[in-house]
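Asker: Below you'll find the structure I mean.
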Amino acid sequence: HEVKWYPSWGETRMVNMIKDRADWCISRQRAWGVPIPIIYCEDGTPVIDRKVFDHIIALVKENGSNIWYEKSAKELLPEGYTNEHSPNGEFTKENDIMDVWFDSGSSWNGTLKERGYSFPANLYLEGSDQYRGWFNSSLIVSVATQGVAPYKSVVSHGWVLDEHGEQMHKSKGNGVDPIKIANVYGSDILRLWVASVNYQQDVRIGDNLIKQVAEQYRKIRNTLKFISWNVADFDVNNQAKSFEKADKYILAKLDAVIEEVTADFDNYDFQNAMSAIMTFMSSDLSAFYLDISKDILYCEGKDSVRRNQVQTVLYHIGEALLCILNPVLPFTMDEFNKNLPGERKANAQFLDYPKCEKAADRDEILKEYDLFKSFRNDVLKALEVARSEQVIGSSQQAMVEVELLKEESAIKAIFEGMDPRDISTLFVVSGFKFASVDAPAYEYAKVKVSRHQGHFCERCWNYEDDAEVQEDGTYLCKRCSKVVK
C-alpha cells in the first residue's frame, strides 16, 4: 500500500533518512530496559531454541519484563532443560537491552496484530523529530518482518513554544500548563486553539493568544445561543418545504461548508476547516442571515409561513454545526444538543456526521449569492457613511435608492417578483428601490441613503408611509398591526 504523508514533505524526508541509514545495532549497554532474551551456555554458545523463547515469553507475559532481572539464567529456562554446550548445567544471561527504538518500532505487533486489530494502522501521529525515531524504526521493523509499512498515513507536527517563540524550559520558567488553561478557560477552548493553529509548524501559546481564542469561542457560542433560542418553539414535524432567496443562499453555502470541512478533516487540515466554519458563522450567518432573520423571527406571526421557513433553515444549520464542530468542541456541542428541538440523542457523540448533498443547482445558487453579497456590501458601505454623517441612526431609519453600474440584469433578476418589504429586509432598511440617483459610486452601484419619511412602527422599529395610528397616538406598520390583531 502507498503511505500518505501529512505534510507531504514527510515522504521526501523519510526517503532521505532511510537511504542514508547505516546498519542498525539493536543492542544497548544500559542498566535497565527490555532485555534481549538470550541465554548463553558455558562455552559462550547462545541458546537459539523456540521452546526456550516461548517459555521466556510466557514468563514475561505473566510477570512483566522485570522477571529477567529477578531470576537467574537457570530459573528462566524450562524445568529440566539441558544443553550439550553446558555439561555442568551452568548458564548466563545476556546483559544488553534492546535499543528503545526497536522496542517502540515493534509496537504495532503487540498493540494491533496480537490483539486482532486491523493492520497496518490507519494513522501514526507524532512530532517531526520522529522521522529519525518512531516512524523510522517502525517502518524498518515492519517491512523486515511483514513486508509492508505499519501505517497507512503519517501525520507529523511541530513544537509548542511560548508566546515569544522561545522553547519552554523549567529553568526559564516559561512553561505553559495545559491543565491550568483548561481549568481557567475550559478544555474546549484549549481544543479550539489546537484546531486553529498550523500544527505542522512550530506554534506559540500564551495567555494573550488563548484570550484571542476565547473571544473566537464566545462568537461561536453566541451564534449557537441565537439559533437554540429561536428554534425553541419549532416543531420539527412541521418543516417548511419551500424557501425564499435568502434561505436558499444560506442552505447552499452550508452544504458547501460541510463539503469543504469534511475534505479538510479527512486530510487532517484542522486549521483550514476551522477557518471555513468561522468565516461561515461570521460572514454568512452573523453578518447576513441571522441579521435579516431577526425581523422575521420576532415580528412575523408566530405560525406564519415565513417564520416557519426561517426556523426550518436555522434548525438545519444548528444540526449541521452541532456535528461539524463536535470533533473540536465536544462539551459545548453536547450542551447545544440538549437545547435543540425534536427527539435528541443522549450525547452529541452518537450523531452521524452530516453529508454534503451537492444539489444540481447548488453552484449556480452560490454564484448568485456571491454577486448578491458584493452588491449588498455596496449598500452596507453607504449606510455606514450615512450613519457617520448622522443622516440616519439605525439602518432601519434608511430609505435606500440604487442606480446599478454593472451586472445590472443579473442583480435585478435576484429581486424579481419579490415583495418590496422583503427586499428591504435583506438590507435591514425600511425602504429600497432602483432609481437614477446623484450619489457616490461603489463597485456595483451608486447608492443614495436618506432618512425615511414614514411613521415609526413601535413594534418592529421599521418606518412605513401608511402605517396605522393606534389609540395612544403611536403607529404600527400594516404587518405588525395584522399580527397584533
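All residue names refer to the C-alpha cells as shown: chains lettered A, B, ... in order, residues numbered from 1 in each chain, ligands numbered from 1 in order.
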Would you please extract all alpha helix (DSSP H) residues from region 90-186 of chain A, as assigned by DSSP on the backbone, and give them as a list in words?

Answerer: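 Restricting region 90-186 of chain A to alpha helix (DSSP H) produces Val100, Trp101, Phe102, Asp103, Ser104, Gly105, Ser107, Trp108, Trp134, Phe135, Asn136, Ser137, Ser138, Leu139, Ile140, Val141, Ser142, Val143, Ala144, Thr145, Gln146, Pro178, Ile179, Lys180, Ile181, Ala182, Asn183, Val184 and Tyr185 of chain A.
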
Asker: Can you pull out every residue within 12 Å of Lys448 (chain A), counting only C-alpha atoms, but drop anything in the same chain fewer than 5 positions away, and send it as a list in words?

Answerer: Asp378, Val379, Leu380, Lys381, Ala382, Leu383, Glu384, Val385, Ala386, Val391, Ala398, Met399, Val400, Glu401, Val402, Glu403, Leu404, Gly431, Phe432, Lys433, Phe434, Ala435, Ser436, Val437, Asp438, Ala439, Pro440, Ala441 and Tyr442 of chain A

Asker: Residues as selected, N, CA and C atoms, written as an mmCIF file, in the first residue's frame, can you do that?

Answerer:
data_model
loop_
_atom_site.group_PDB
_atom_site.id
_atom_site.type_symbol
_atom_site.label_atom_id
_atom_site.label_comp_id
_atom_site.auth_asym_id
_atom_site.auth_seq_id
_atom_site.Cartn_x
_atom_site.Cartn_y
_atom_site.Cartn_z
ATOM 1 N N ASP A 378 -21.954 47.078 -1.109
ATOM 2 C CA ASP A 378 -22.034 48.482 -1.552
ATOM 3 C C ASP A 378 -23.071 49.239 -0.722
ATOM 4 N N VAL A 379 -24.235 48.618 -0.535
ATOM 5 C CA VAL A 379 -25.319 49.248 0.235
ATOM 6 C C VAL A 379 -24.901 49.439 1.700
ATOM 7 N N LEU A 380 -24.255 48.413 2.265
ATOM 8 C CA LEU A 380 -23.823 48.492 3.671
ATOM 9 C C LEU A 380 -22.789 49.600 3.873
ATOM 10 N N LYS A 381 -21.885 49.767 2.892
ATOM 11 C CA LYS A 381 -20.883 50.844 2.983
ATOM 12 C C LYS A 381 -21.575 52.206 2.975
ATOM 13 N N ALA A 382 -22.554 52.362 2.087
ATOM 14 C CA ALA A 382 -23.289 53.642 2.002
ATOM 15 C C ALA A 382 -24.057 53.907 3.294
ATOM 16 N N LEU A 383 -24.631 52.857 3.888
ATOM 17 C CA LEU A 383 -25.355 53.011 5.161
ATOM 18 C C LEU A 383 -24.403 53.443 6.276
ATOM 19 N N GLU A 384 -23.187 52.902 6.253
ATOM 20 C CA GLU A 384 -22.187 53.248 7.276
ATOM 21 C C GLU A 384 -21.800 54.717 7.164
ATOM 22 N N VAL A 385 -21.627 55.187 5.916
ATOM 23 C CA VAL A 385 -21.298 56.606 5.686
ATOM 24 C C VAL A 385 -22.445 57.485 6.187
ATOM 25 N N ALA A 386 -23.689 57.111 5.843
ATOM 26 C CA ALA A 386 -24.871 57.883 6.265
ATOM 27 C C ALA A 386 -24.986 57.922 7.788
ATOM 28 N N VAL A 391 -27.007 61.124 9.054
ATOM 29 C CA VAL A 391 -28.216 61.184 8.206
ATOM 30 C C VAL A 391 -29.248 60.236 8.814
ATOM 31 N N ALA A 398 -33.427 54.062 7.308
ATOM 32 C CA ALA A 398 -32.958 54.414 5.968
ATOM 33 C C ALA A 398 -33.945 54.117 4.853
ATOM 34 N N MET A 399 -33.940 55.045 3.881
ATOM 35 C CA MET A 399 -34.559 54.831 2.575
ATOM 36 C C MET A 399 -33.384 54.734 1.601
ATOM 37 N N VAL A 400 -33.263 53.617 0.898
ATOM 38 C CA VAL A 400 -32.113 53.395 0.014
ATOM 39 C C VAL A 400 -32.559 53.408 -1.438
ATOM 40 N N GLU A 401 -31.860 54.232 -2.251
ATOM 41 C CA GLU A 401 -32.114 54.263 -3.695
ATOM 42 C C GLU A 401 -30.808 53.882 -4.409
ATOM 43 N N VAL A 402 -30.938 53.013 -5.389
ATOM 44 C CA VAL A 402 -29.756 52.420 -6.007
ATOM 45 C C VAL A 402 -29.805 52.545 -7.524
ATOM 46 N N GLU A 403 -28.668 52.997 -8.108
ATOM 47 C CA GLU A 403 -28.521 53.001 -9.565
ATOM 48 C C GLU A 403 -27.375 52.048 -9.913
ATOM 49 N N LEU A 404 -27.684 50.990 -10.641
ATOM 50 C CA LEU A 404 -26.686 49.958 -10.940
ATOM 51 C C LEU A 404 -25.693 50.428 -11.996
ATOM 52 N N GLY A 431 -36.870 51.076 3.434
ATOM 53 C CA GLY A 431 -37.288 51.299 2.047
ATOM 54 C C GLY A 431 -36.140 51.048 1.097
ATOM 55 N N PHE A 432 -36.432 50.464 -0.093
ATOM 56 C CA PHE A 432 -35.385 50.159 -1.066
ATOM 57 C C PHE A 432 -35.992 50.241 -2.463
ATOM 58 N N LYS A 433 -35.296 50.942 -3.370
ATOM 59 C CA LYS A 433 -35.775 50.939 -4.758
ATOM 60 C C LYS A 433 -34.631 51.243 -5.731
ATOM 61 N N PHE A 434 -34.804 50.772 -6.985
ATOM 62 C CA PHE A 434 -33.845 51.076 -8.047
ATOM 63 C C PHE A 434 -34.292 52.373 -8.708
ATOM 64 N N ALA A 435 -33.348 53.311 -8.885
ATOM 65 C CA ALA A 435 -33.677 54.615 -9.487
ATOM 66 C C ALA A 435 -32.398 55.284 -9.967
ATOM 67 N N SER A 436 -32.546 56.330 -10.785
ATOM 68 C CA SER A 436 -31.383 57.139 -11.171
ATOM 69 C C SER A 436 -31.087 58.094 -10.021
ATOM 70 N N VAL A 437 -29.840 58.094 -9.553
ATOM 71 C CA VAL A 437 -29.508 58.923 -8.379
ATOM 72 C C VAL A 437 -28.198 59.673 -8.584
ATOM 73 N N ASP A 438 -28.108 60.783 -7.885
ATOM 74 C CA ASP A 438 -26.860 61.534 -7.822
ATOM 75 C C ASP A 438 -26.229 61.181 -6.469
ATOM 76 N N ALA A 439 -25.329 60.213 -6.483
ATOM 77 C CA ALA A 439 -24.797 59.705 -5.213
ATOM 78 C C ALA A 439 -23.428 59.069 -5.458
ATOM 79 N N PRO A 440 -22.660 58.806 -4.375
ATOM 80 C CA PRO A 440 -21.337 58.177 -4.524
ATOM 81 C C PRO A 440 -21.428 56.806 -5.205
ATOM 82 N N ALA A 441 -20.424 56.522 -6.048
ATOM 83 C CA ALA A 441 -20.383 55.241 -6.759
ATOM 84 C C ALA A 441 -19.506 54.250 -6.004
ATOM 85 N N TYR A 442 -20.000 53.037 -5.883
ATOM 86 C CA TYR A 442 -19.232 51.944 -5.276
ATOM 87 C C TYR A 442 -18.896 50.947 -6.381
#

Asker: Tell me which protein, DNA and RNA residues are within 12 Å of Val484 (chain A), counting only C-alpha atoms, leaving out same-chain ones fewer than 2 positions away, and put them as a list in words.

Answerer: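 Listing them by chain and then by number gives Cys299, Glu300, Gly301, Lys302, Glu458, Arg459, Cys460, Gln470, Leu476, Cys477, Lys478, Arg479, Cys480, Ser481 and Lys482 of chain A.
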
Asker: Just the selected residues (C-alpha atoms), exported as a tab-separated table (two decimals), in the first residue's frame, please.

Answerer:
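For reference, out.tsv as written:
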chain	number	residue	atom	x	y	z
A	299	CYS	CA	-42.25	40.28	14.35
A	300	GLU	CA	-43.95	37.97	11.84
A	301	GLY	CA	-46.94	35.96	13.05
A	302	LYS	CA	-45.85	33.12	15.34
A	458	GLU	CA	-43.41	50.83	17.75
A	459	ARG	CA	-43.26	47.05	17.38
A	460	CYS	CA	-40.69	46.26	14.65
A	470	GLN	CA	-53.15	53.45	17.40
A	476	LEU	CA	-47.91	50.11	13.84
A	477	CYS	CA	-46.91	49.09	10.31
A	478	LYS	CA	-49.52	47.07	8.44
A	479	ARG	CA	-47.70	43.77	9.06
A	480	CYS	CA	-47.42	44.34	12.81
A	481	SER	CA	-50.97	45.63	13.11
A	482	LYS	CA	-52.28	42.46	11.45

Asker: Rounded to one decimal, what separation in Å do you get between CA of Arg204 (chain A) and CA of His164 (chain A)?

Answerer: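 These atoms are spaced 7.3 Å apart.
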
Asker: Neighbours of Arg307 (chain A) within 10 Å (only C-alpha atoms; same-chain residues fewer than 2 positions away dropped), as a PyMOL selection string?

Answerer: chain A and resi 234+240+293-305+309-313

Asker: Can I get the selection written as a compact mmCIF listing (two decimals), in the first residue's frame, with C-alpha atoms?

Answerer:
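Okay, this is what ended up in again37.txt:
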# COMPACT_ATOMS: atom_id res chain seq x y z
CA PHE A 234 -40.09 24.99 16.42
CA ALA A 240 -41.07 24.17 5.51
CA SER A 293 -33.88 36.92 10.31
CA LYS A 294 -34.47 38.94 13.48
CA ASP A 295 -37.34 40.95 11.99
CA ILE A 296 -38.98 37.74 10.70
CA LEU A 297 -38.47 35.72 13.89
CA TYR A 298 -39.55 38.47 16.30
CA CYS A 299 -42.25 40.28 14.35
CA GLU A 300 -43.95 37.97 11.84
CA GLY A 301 -46.94 35.96 13.05
CA LYS A 302 -45.85 33.12 15.34
CA ASP A 303 -47.19 30.47 12.94
CA SER A 304 -46.61 32.41 9.70
CA VAL A 305 -45.18 30.65 6.63
CA GLN A 309 -39.23 28.85 6.71
CA VAL A 310 -36.57 30.71 8.70
CA GLN A 311 -36.94 28.40 11.71
CA THR A 312 -36.58 25.37 9.42
CA VAL A 313 -33.37 26.84 7.99

Asker: As a list in words, please: the residues near Ala320 (chain A) (cut-off 9 Å, only C-alpha atoms, same-chain neighbours under 4 positions excluded).

Answerer: Leu254, Ile258, Tyr315, His316, Ile324, Leu325, Tyr353 and Pro354 of chain A
